[in-house]
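Peer 1: The structure follows.
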Amino acid sequence: MNGARGRYAPSPTGALHLGALRTALLAWLFARVEGGAFILRIEDLDLPRVRPGATRAILDDLRWLGLDWDEGPDSGGPYGPYIQSARGAIYAGALARLRAAGLLYPCYCTRAELRSAQDAAIASAPHLTGAPIPYSGACRNLTERERRARGAAGRAPSLRFRAPSEPVSFSDRLHGDITERVSETLGDIIVRRSDGVVAYNLAVVVDDALMGVTQVVRGADLLGVTAAQRALALALGYEPPRVYAHVPLATDASGVRLAKRDAAAGAEGLRERSITPERVVGALASSVGLWPPDEPATPRGLLAVFDPVRIGREPSLITPVW
Ligand code: GLU
């Protein structure tokens with residue numbers, strides 16, 4: 001596939017706060033500055049967390065900000081549907097392929113067991129505190145008999161993907177070249193939860209590949225799962241995205257990361273206060289060093305000055321002047 005294809009993939013669990021709007025703006029800029037296509041995908045697999053009306057609000061807010069997309073839940077496109085809850089059969093196909101390749105196994109560990117395994121790992125290696133702790137692998141090599149016994153005990157298993165021990169490398173426009181052994185960082189990740197819901201990590205890999213995504217721009221909180229996602233893509237025979245940019249998360253004035261519940265600070269509240277999208281775009285761009293403070297801007301106007309080198313890596317405060 002030729003040409004850059006970028007995407008923004010929000011979960012409709014609430015309205016987009018300023019940090020999410022900034023990520024969307026940056027993803028749009030990364031794609032458009034290369035003359036690339038931009039895709040909007042709604043990641044609504046975790047249905048209990050989905051809020052009614054949130055998808056509509058997200059589309060409205062992004063459009064209000066001045067962003068546009070070539071493919072998405074409203075406009076359609078050749079690789080749809082662009083709403084994950086409508087793609088169940090596609091994920092089931094991917095799971096079947098992994099299973100046929102012997103790369104999946106059922107995991108019966110409960111949350112409490114996983115937590116105590118993690119506590120034990122921390123206790124035995126306190127110098128590693130803060131580093132990710134991989135899944136212990138407790139269910140990796142169960143015999144058929146052991147599996148049947150656990151299944152009979154009424155435990156619904158999740159499905160895990162056997163992490164490769166070979167290193168996985170990728171390049172991030174903000175964080176540089178990264179090489180990681182997924183077996184040592186995350187271990188075998190869950191690709192289907194015990195409640196049957198397809199896990200984010202599987203869905204995102206399948207969708208990015210089938211939608212021809214070449215660049216992934218998203219919040220820095222997902223940097224730690226990128227190597228695992230690439231390993232999964234390779235196991236499925238996909239060509240993983242070429243470019244990543246894990247952009248800074250937004251914090252409030254006390255340094256705490258913005259969460260969806262802070263949506264009062266999101267676009268709807270701003271609209272109600274008659275704050276223009278140009279002022280919002282200007283504040284978002286200036287918060288990552290792309291634009292002078294207090295100057296209104298439009299996404300298109302930013303294309304002329306967009307330079308990823310100027311975007312910082314640390315979480316940053318968005319300090320609007322309104
Ligand atoms: N749906 C995820 C979120 O809202 C983002 C996934 C991604 O960009 O890979 O946090």
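Following the order of the structure tokens, first chain is A, next is B, and so on, with residues numbered from 1 inside each chain and ligands from 1 in the order they appear.
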For Asp44 (chain A), list every protein, DNA or RNA residue within 7 Å, evaluated using only C-alpha atoms, and leave out those in the same chain fewer than 3 positions away; present the list as a ChimeraX atom specification.

Peer 2: /A:11-12,47,50,83-85

Peer 1: Need the shell around Ser75 (chain A): protein/DNA/RNA residues with any atom at most 12 Å away, counting only C-alpha atoms. Skip same-chain ones fewer than 4 positions apart. Format as a list of chain:residue names?

Peer 2: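 Residues meeting the cut-off are A:Phe38, A:Ile39, A:Leu40, A:Arg41, A:Leu59, A:Asp68, A:Trp69, A:Asp70, A:Glu71, A:Tyr79, A:Gly80, A:Pro81, A:Tyr82, A:Ile83.
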
Peer 1: In Å, rounded to a single decimal, give me how far CA of Tyr91 (chain A) is from CA of Phe170 (chain A).

Peer 2: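 Rounded to one decimal, the two atoms are 24.2 Å apart.
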
Peer 1: Select the residues contacting ligand 1 at a distance of at most 7 Å, based on only C-alpha atoms and all ligand atoms, then format the selection as an NGL selection string.

Peer 2: :A and (8-11 or 43 or 204 or 216-218)

Peer 1: Would you put the residues from that selection into a file with all heavy atoms, as a PDB file, in the first residue's frame?

Peer 2:
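Dumped everything to again.pdb:
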ATOM      1  N   TYR A   8      -7.083   7.902  14.198  1.00  0.00           N
ATOM      2  CA  TYR A   8      -7.353   8.218  15.595  1.00  0.00           C
ATOM      3  C   TYR A   8      -8.408   7.215  16.022  1.00  0.00           C
ATOM      4  O   TYR A   8      -9.369   6.964  15.297  1.00  0.00           O
ATOM      5  CB  TYR A   8      -7.841   9.659  15.743  1.00  0.00           C
ATOM      6  CG  TYR A   8      -8.104  10.034  17.189  1.00  0.00           C
ATOM      7  CD1 TYR A   8      -7.091   9.927  18.136  1.00  0.00           C
ATOM      8  CD2 TYR A   8      -9.365  10.464  17.599  1.00  0.00           C
ATOM      9  CE1 TYR A   8      -7.323  10.243  19.467  1.00  0.00           C
ATOM     10  CE2 TYR A   8      -9.597  10.784  18.937  1.00  0.00           C
ATOM     11  CZ  TYR A   8      -8.576  10.678  19.857  1.00  0.00           C
ATOM     12  OH  TYR A   8      -8.810  10.976  21.173  1.00  0.00           O
ATOM     13  N   ALA A   9      -8.187   6.606  17.202  1.00  0.00           N
ATOM     14  CA  ALA A   9      -9.028   5.462  17.574  1.00  0.00           C
ATOM     15  C   ALA A   9      -9.557   5.600  19.002  1.00  0.00           C
ATOM     16  O   ALA A   9      -9.137   4.871  19.896  1.00  0.00           O
ATOM     17  CB  ALA A   9      -8.212   4.177  17.420  1.00  0.00           C
ATOM     18  N   PRO A  10     -10.459   6.546  19.232  1.00  0.00           N
ATOM     19  CA  PRO A  10     -10.936   6.752  20.597  1.00  0.00           C
ATOM     20  C   PRO A  10     -11.892   5.668  21.076  1.00  0.00           C
ATOM     21  O   PRO A  10     -12.571   5.020  20.274  1.00  0.00           O
ATOM     22  CB  PRO A  10     -11.685   8.088  20.498  1.00  0.00           C
ATOM     23  CG  PRO A  10     -12.159   8.132  19.083  1.00  0.00           C
ATOM     24  CD  PRO A  10     -11.103   7.440  18.267  1.00  0.00           C
ATOM     25  N   SER A  11     -11.932   5.478  22.394  1.00  0.00           N
ATOM     26  CA  SER A  11     -12.931   4.610  23.013  1.00  0.00           C
ATOM     27  C   SER A  11     -14.065   5.509  23.498  1.00  0.00           C
ATOM     28  O   SER A  11     -13.806   6.487  24.192  1.00  0.00           O
ATOM     29  CB  SER A  11     -12.324   3.882  24.208  1.00  0.00           C
ATOM     30  OG  SER A  11     -11.174   3.191  23.799  1.00  0.00           O
ATOM     31  N   GLU A  43     -13.423   2.529  19.134  1.00  0.00           N
ATOM     32  CA  GLU A  43     -13.009   1.300  19.833  1.00  0.00           C
ATOM     33  C   GLU A  43     -13.951   1.052  21.020  1.00  0.00           C
ATOM     34  O   GLU A  43     -13.686   1.449  22.152  1.00  0.00           O
ATOM     35  CB  GLU A  43     -11.553   1.446  20.275  1.00  0.00           C
ATOM     36  CG  GLU A  43     -10.656   1.734  19.068  1.00  0.00           C
ATOM     37  CD  GLU A  43      -9.242   1.223  19.173  1.00  0.00           C
ATOM     38  OE1 GLU A  43      -8.680   1.267  20.275  1.00  0.00           O
ATOM     39  OE2 GLU A  43      -8.698   0.785  18.144  1.00  0.00           O
ATOM     40  N   VAL A 204      -6.830  -3.954  18.035  1.00  0.00           N
ATOM     41  CA  VAL A 204      -6.092  -2.822  17.460  1.00  0.00           C
ATOM     42  C   VAL A 204      -5.105  -3.315  16.403  1.00  0.00           C
ATOM     43  O   VAL A 204      -4.932  -2.689  15.354  1.00  0.00           O
ATOM     44  CB  VAL A 204      -5.415  -2.015  18.598  1.00  0.00           C
ATOM     45  CG1 VAL A 204      -4.143  -2.656  19.066  1.00  0.00           C
ATOM     46  CG2 VAL A 204      -5.141  -0.587  18.184  1.00  0.00           C
ATOM     47  N   VAL A 216       0.980   5.100  13.541  1.00  0.00           N
ATOM     48  CA  VAL A 216       0.171   5.046  14.757  1.00  0.00           C
ATOM     49  C   VAL A 216       0.605   6.190  15.664  1.00  0.00           C
ATOM     50  O   VAL A 216       1.733   6.221  16.140  1.00  0.00           O
ATOM     51  CB  VAL A 216       0.363   3.684  15.459  1.00  0.00           C
ATOM     52  CG1 VAL A 216      -0.237   3.710  16.860  1.00  0.00           C
ATOM     53  CG2 VAL A 216      -0.270   2.569  14.637  1.00  0.00           C
ATOM     54  N   VAL A 217      -0.319   7.143  15.844  1.00  0.00           N
ATOM     55  CA  VAL A 217      -0.056   8.274  16.747  1.00  0.00           C
ATOM     56  C   VAL A 217      -1.066   8.165  17.873  1.00  0.00           C
ATOM     57  O   VAL A 217      -2.276   8.130  17.624  1.00  0.00           O
ATOM     58  CB  VAL A 217      -0.220   9.618  16.005  1.00  0.00           C
ATOM     59  CG1 VAL A 217       0.003  10.782  16.961  1.00  0.00           C
ATOM     60  CG2 VAL A 217       0.738   9.689  14.827  1.00  0.00           C
ATOM     61  N   ARG A 218      -0.592   8.063  19.104  1.00  0.00           N
ATOM     62  CA  ARG A 218      -1.497   7.863  20.239  1.00  0.00           C
ATOM     63  C   ARG A 218      -0.784   8.271  21.511  1.00  0.00           C
ATOM     64  O   ARG A 218       0.397   8.635  21.498  1.00  0.00           O
ATOM     65  CB  ARG A 218      -1.951   6.402  20.298  1.00  0.00           C
ATOM     66  CG  ARG A 218      -0.792   5.441  20.406  1.00  0.00           C
ATOM     67  CD  ARG A 218      -1.265   3.995  20.298  1.00  0.00           C
ATOM     68  NE  ARG A 218      -0.149   3.071  20.334  1.00  0.00           N
ATOM     69  CZ  ARG A 218      -0.236   1.778  20.069  1.00  0.00           C
ATOM     70  NH1 ARG A 218      -1.406   1.244  19.773  1.00  0.00           N
ATOM     71  NH2 ARG A 218       0.823   1.008  20.125  1.00  0.00           N
TER      72      ARG A 218
END

Peer 1: Which polymer residues have any atom within 8 Å of an atom of Leu103 (chain A), counting only C-alpha atoms, with same-chain residues fewer than 4 positions away left out, as a list in words?

Peer 2: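 That gives Leu98, Arg99, Phe161 and Arg162 of chain A.
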
Peer 1: Would you mind listing what lies within 10 Å of Ile178 (chain A) as a list in words, with only C-alpha atoms counted and same-chain residues fewer than 5 positions away left out?

Peer 2: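 The filter keeps Pro167, Val168, Ser169, Phe170, Ser171, Asp172, Leu223, Thr226 and Ala227 of chain A.
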
Peer 1: Go ahead and save the picked residues with all heavy atoms, as a short mmCIF file (atom, residue, chain, number, x, y, z; two decimals), in the first residue's frame.

Peer 2:
data_model
loop_
_atom_site.label_atom_id
_atom_site.label_comp_id
_atom_site.auth_asym_id
_atom_site.auth_seq_id
_atom_site.Cartn_x
_atom_site.Cartn_y
_atom_site.Cartn_z
N PRO A 167 13.78 -10.54 20.18
CA PRO A 167 13.50 -9.13 20.40
C PRO A 167 12.64 -8.53 19.28
O PRO A 167 12.71 -8.99 18.14
CB PRO A 167 14.89 -8.48 20.40
CG PRO A 167 15.82 -9.49 19.85
CD PRO A 167 15.19 -10.83 19.95
N VAL A 168 11.84 -7.56 19.65
CA VAL A 168 10.99 -6.84 18.70
C VAL A 168 11.50 -5.40 18.67
O VAL A 168 11.73 -4.81 19.72
CB VAL A 168 9.52 -6.86 19.20
CG1 VAL A 168 8.64 -5.98 18.33
CG2 VAL A 168 8.99 -8.29 19.25
N SER A 169 11.68 -4.85 17.48
CA SER A 169 12.18 -3.48 17.37
C SER A 169 11.19 -2.60 16.64
O SER A 169 10.50 -3.06 15.73
CB SER A 169 13.49 -3.44 16.60
OG SER A 169 14.46 -4.17 17.28
N PHE A 170 11.15 -1.36 17.04
CA PHE A 170 10.37 -0.38 16.29
C PHE A 170 10.95 1.00 16.56
O PHE A 170 11.77 1.18 17.46
CB PHE A 170 8.88 -0.43 16.65
CG PHE A 170 8.57 -0.09 18.09
CD1 PHE A 170 8.19 1.20 18.44
CD2 PHE A 170 8.66 -1.05 19.08
CE1 PHE A 170 7.90 1.51 19.77
CE2 PHE A 170 8.39 -0.75 20.40
CZ PHE A 170 7.99 0.53 20.75
N SER A 171 10.50 1.93 15.74
CA SER A 171 11.04 3.28 15.86
C SER A 171 9.90 4.23 16.17
O SER A 171 8.85 4.17 15.53
CB SER A 171 11.71 3.62 14.54
OG SER A 171 12.25 4.89 14.63
N ASP A 172 10.10 5.07 17.16
CA ASP A 172 9.07 6.03 17.55
C ASP A 172 9.60 7.43 17.27
O ASP A 172 10.74 7.75 17.62
CB ASP A 172 8.76 5.86 19.05
CG ASP A 172 7.58 6.71 19.48
OD1 ASP A 172 7.75 7.94 19.63
OD2 ASP A 172 6.48 6.16 19.66
N LEU A 223 2.84 3.23 24.89
CA LEU A 223 4.19 2.88 24.41
C LEU A 223 4.58 1.46 24.87
O LEU A 223 5.18 0.69 24.13
CB LEU A 223 5.20 3.91 24.93
CG LEU A 223 6.63 3.82 24.44
CD1 LEU A 223 6.71 3.93 22.92
CD2 LEU A 223 7.49 4.91 25.08
N THR A 226 3.35 -1.52 22.68
CA THR A 226 3.61 -1.48 21.24
C THR A 226 4.40 -2.70 20.76
O THR A 226 4.06 -3.30 19.73
CB THR A 226 4.34 -0.17 20.88
OG1 THR A 226 3.50 0.91 21.30
CG2 THR A 226 4.59 -0.06 19.39
N ALA A 227 5.44 -3.08 21.48
CA ALA A 227 6.23 -4.24 21.05
C ALA A 227 5.35 -5.50 21.01
O ALA A 227 5.43 -6.31 20.08
CB ALA A 227 7.43 -4.44 21.97
#

Peer 1: Wanna dump the region 20-84 of chain A-region 284-295 of chain A contacts at 9 Å for me, each residue with its shortest atom pair and the distance in Å to one decimal, counting only C-alpha atoms, ordered by chain and number, as a tab-separated table?

Peer 2:
residue	atom	partner	partner_atom	distance
A:Leu21	CA	A:Leu284	CA	8.0
A:Arg22	CA	A:Leu284	CA	5.6
A:Leu25	CA	A:Leu284	CA	8.2
A:Leu26	CA	A:Ala285	CA	8.4

Peer 1: Extract the full set of alpha helix (DSSP H) residues from region 90-303 of chain A according to DSSP on the backbone, and format it as a VMD selection string.

Peer 2: chain A and resid 90 to 100 111 to 124 144 to 152 182 to 185 200 to 210 223 to 235 267 to 272 277 to 287 299 to 303

Peer 1: List the neighbours of Val182 (chain A) out to 10 Å using only C-alpha atoms; skip same-chain residues closer than 3 positions along the sequence, and give me the result as an MDAnalysis selection string.

Peer 2: chainID A and resid 134 162:168 179 185:189 224:231

Peer 1: Got a sec: who's within 6 Å of Pro248 (chain A), counting only C-alpha atoms, leaving out chain neighbours fewer than 5 positions off, as number ranges by chain?

Peer 2: A: 220, 313-315

Peer 1: Any chance you could export the current selection's all heavy atoms as a PDB file, in the first residue's frame?

Peer 2:
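Listing of result-v3.pdb after writing:
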ATOM      1  N   ALA A 220       1.132   8.425  25.089  1.00  0.00           N
ATOM      2  CA  ALA A 220       2.348   7.739  25.533  1.00  0.00           C
ATOM      3  C   ALA A 220       2.059   6.600  26.499  1.00  0.00           C
ATOM      4  O   ALA A 220       2.921   5.749  26.741  1.00  0.00           O
ATOM      5  CB  ALA A 220       3.294   8.745  26.175  1.00  0.00           C
ATOM      6  N   ARG A 313       8.425  14.983  25.180  1.00  0.00           N
ATOM      7  CA  ARG A 313       8.070  13.598  25.508  1.00  0.00           C
ATOM      8  C   ARG A 313       7.353  13.477  26.830  1.00  0.00           C
ATOM      9  O   ARG A 313       6.682  12.495  27.102  1.00  0.00           O
ATOM     10  CB  ARG A 313       9.336  12.736  25.550  1.00  0.00           C
ATOM     11  CG  ARG A 313       9.918  12.542  24.190  1.00  0.00           C
ATOM     12  CD  ARG A 313      11.298  11.954  24.196  1.00  0.00           C
ATOM     13  NE  ARG A 313      11.641  11.204  25.380  1.00  0.00           N
ATOM     14  CZ  ARG A 313      12.661  10.375  25.441  1.00  0.00           C
ATOM     15  NH1 ARG A 313      13.408  10.168  24.383  1.00  0.00           N
ATOM     16  NH2 ARG A 313      12.934   9.751  26.542  1.00  0.00           N
ATOM     17  N   GLU A 314       7.533  14.459  27.677  1.00  0.00           N
ATOM     18  CA  GLU A 314       6.966  14.365  29.031  1.00  0.00           C
ATOM     19  C   GLU A 314       5.503  14.793  29.020  1.00  0.00           C
ATOM     20  O   GLU A 314       5.103  15.608  28.195  1.00  0.00           O
ATOM     21  CB  GLU A 314       7.753  15.263  29.986  1.00  0.00           C
ATOM     22  CG  GLU A 314       9.221  14.902  30.115  1.00  0.00           C
ATOM     23  CD  GLU A 314       9.412  13.429  30.464  1.00  0.00           C
ATOM     24  OE1 GLU A 314       8.666  12.920  31.318  1.00  0.00           O
ATOM     25  OE2 GLU A 314      10.285  12.781  29.852  1.00  0.00           O
ATOM     26  N   PRO A 315       4.711  14.268  29.979  1.00  0.00           N
ATOM     27  CA  PRO A 315       3.333  14.739  30.109  1.00  0.00           C
ATOM     28  C   PRO A 315       3.316  16.258  30.240  1.00  0.00           C
ATOM     29  O   PRO A 315       4.225  16.834  30.834  1.00  0.00           O
ATOM     30  CB  PRO A 315       2.854  14.095  31.407  1.00  0.00           C
ATOM     31  CG  PRO A 315       3.744  12.924  31.611  1.00  0.00           C
ATOM     32  CD  PRO A 315       5.058  13.265  30.971  1.00  0.00           C
TER      33      PRO A 315
END

Peer 1: DSSP says strand (DSSP E) for which residues of region 191-289 of chain A? Put them as a PyMOL selection string?

Peer 2: chain A and resi 191-192+215-219+243-247+250-251

Peer 1: Write the residues of the preceding selection, restricted to all heavy atoms, as a tab-separated table (two decimals), in the first residue's frame.

Peer 2:
chain	number	residue	atom	x	y	z
A	191	VAL	N	-5.52	-11.98	24.75
A	191	VAL	CA	-6.12	-11.55	23.49
A	191	VAL	C	-7.64	-11.72	23.49
A	191	VAL	O	-8.34	-11.15	22.67
A	191	VAL	CB	-5.50	-12.27	22.28
A	191	VAL	CG1	-4.09	-11.75	22.00
A	191	VAL	CG2	-5.50	-13.78	22.47
A	192	ARG	N	-8.13	-12.53	24.42
A	192	ARG	CA	-9.58	-12.58	24.64
A	192	ARG	C	-9.81	-12.71	26.13
A	192	ARG	O	-9.22	-13.59	26.77
A	192	ARG	CB	-10.23	-13.75	23.89
A	192	ARG	CG	-11.74	-13.53	23.72
A	192	ARG	CD	-12.41	-14.74	23.14
A	192	ARG	NE	-12.39	-15.86	24.08
A	192	ARG	CZ	-12.66	-17.12	23.75
A	192	ARG	NH1	-12.96	-17.44	22.51
A	192	ARG	NH2	-12.62	-18.07	24.67
A	215	GLN	N	0.88	4.60	10.07
A	215	GLN	CA	1.42	5.37	11.20
A	215	GLN	C	0.44	5.37	12.37
A	215	GLN	O	-0.75	5.58	12.19
A	215	GLN	CB	1.78	6.79	10.79
A	215	GLN	CG	0.70	7.54	10.05
A	215	GLN	CD	1.03	9.02	9.90
A	215	GLN	OE1	0.39	9.87	10.49
A	215	GLN	NE2	2.05	9.33	9.11
A	216	VAL	N	0.98	5.10	13.54
A	216	VAL	CA	0.17	5.05	14.76
A	216	VAL	C	0.60	6.19	15.66
A	216	VAL	O	1.73	6.22	16.14
A	216	VAL	CB	0.36	3.68	15.46
A	216	VAL	CG1	-0.24	3.71	16.86
A	216	VAL	CG2	-0.27	2.57	14.64
A	217	VAL	N	-0.32	7.14	15.84
A	217	VAL	CA	-0.06	8.27	16.75
A	217	VAL	C	-1.07	8.17	17.87
A	217	VAL	O	-2.28	8.13	17.62
A	217	VAL	CB	-0.22	9.62	16.01
A	217	VAL	CG1	0.00	10.78	16.96
A	217	VAL	CG2	0.74	9.69	14.83
A	218	ARG	N	-0.59	8.06	19.10
A	218	ARG	CA	-1.50	7.86	20.24
A	218	ARG	C	-0.78	8.27	21.51
A	218	ARG	O	0.40	8.63	21.50
A	218	ARG	CB	-1.95	6.40	20.30
A	218	ARG	CG	-0.79	5.44	20.41
A	218	ARG	CD	-1.26	4.00	20.30
A	218	ARG	NE	-0.15	3.07	20.33
A	218	ARG	CZ	-0.24	1.78	20.07
A	218	ARG	NH1	-1.41	1.24	19.77
A	218	ARG	NH2	0.82	1.01	20.13
A	219	GLY	N	-1.50	8.18	22.63
A	219	GLY	CA	-0.95	8.63	23.90
A	219	GLY	C	0.23	7.78	24.36
A	219	GLY	O	0.30	6.58	24.07
A	243	VAL	N	5.46	3.62	11.28
A	243	VAL	CA	5.82	4.78	12.09
A	243	VAL	C	4.95	4.83	13.34
A	243	VAL	O	3.74	4.60	13.26
A	243	VAL	CB	5.57	6.09	11.28
A	243	VAL	CG1	5.81	7.32	12.14
A	243	VAL	CG2	6.43	6.12	10.05
A	244	TYR	N	5.58	5.15	14.47
A	244	TYR	CA	4.82	5.38	15.70
A	244	TYR	C	5.18	6.75	16.23
A	244	TYR	O	6.30	7.24	16.04
A	244	TYR	CB	5.19	4.36	16.78
A	244	TYR	CG	4.75	2.96	16.44
A	244	TYR	CD1	5.55	2.12	15.67
A	244	TYR	CD2	3.51	2.47	16.86
A	244	TYR	CE1	5.15	0.85	15.34
A	244	TYR	CE2	3.10	1.19	16.52
A	244	TYR	CZ	3.93	0.38	15.77
A	244	TYR	OH	3.51	-0.88	15.44
A	245	ALA	N	4.24	7.37	16.92
A	245	ALA	CA	4.55	8.57	17.70
A	245	ALA	C	3.67	8.50	18.93
A	245	ALA	O	2.44	8.59	18.82
A	245	ALA	CB	4.28	9.83	16.89
A	246	HIS	N	4.30	8.28	20.07
A	246	HIS	CA	3.54	8.24	21.33
A	246	HIS	C	3.65	9.61	21.97
A	246	HIS	O	4.70	10.00	22.47
A	246	HIS	CB	4.07	7.11	22.22
A	246	HIS	CG	3.63	5.76	21.72
A	246	HIS	ND1	4.34	5.02	20.81
A	246	HIS	CD2	2.50	5.04	21.99
A	246	HIS	CE1	3.68	3.89	20.54
A	246	HIS	NE2	2.56	3.88	21.24
A	247	VAL	N	2.55	10.34	21.86
A	247	VAL	CA	2.57	11.77	22.20
A	247	VAL	C	2.27	11.97	23.68
A	247	VAL	O	1.66	11.11	24.33
A	247	VAL	CB	1.58	12.55	21.30
A	247	VAL	CG1	1.96	12.37	19.83
A	247	VAL	CG2	0.14	12.11	21.53
A	250	ALA	N	-1.80	14.54	28.76
A	250	ALA	CA	-2.07	15.86	29.33
A	250	ALA	C	-2.30	15.74	30.83
A	250	ALA	O	-2.90	14.77	31.29
A	250	ALA	CB	-3.30	16.45	28.66
A	251	THR	N	-1.83	16.72	31.55
A	251	THR	CA	-2.05	16.73	33.00
A	251	THR	C	-2.82	17.98	33.39
A	251	THR	O	-2.90	18.94	32.62
A	251	THR	CB	-0.72	16.76	33.75
A	251	THR	OG1	-0.05	17.99	33.43
A	251	THR	CG2	0.17	15.60	33.39

Peer 1: Report the distance between CA of Arg279 (chain A) and CA of Pro296 (chain A) in Å, rounded to one decimal place.

Peer 2: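 CA of Pro296 (chain A) lies at a distance of 4.4 Å from CA of Arg279 (chain A).
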
Peer 1: Could you check which of A:Pro308, A:Pro157, A:Gly36, A:Gly66 is closest to Arg173 (chain A), using only C-alpha atoms?

Peer 2: A:Pro308

Peer 1: Could you state the separation of CA of Ser136 (chain A) and CA of Ser158 (chain A) in Å, given to one decimal place?

Peer 2: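 Separating CA of Ser136 (chain A) from CA of Ser158 (chain A) is a distance of 14.6 Å.
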
Peer 1: Using only C-alpha atoms for the distances, tell me which of A:Ala203, A:Asp60, A:Gly72, A:Val197 is nearest to Ile90 (chain A).

Peer 2: A:Ala203
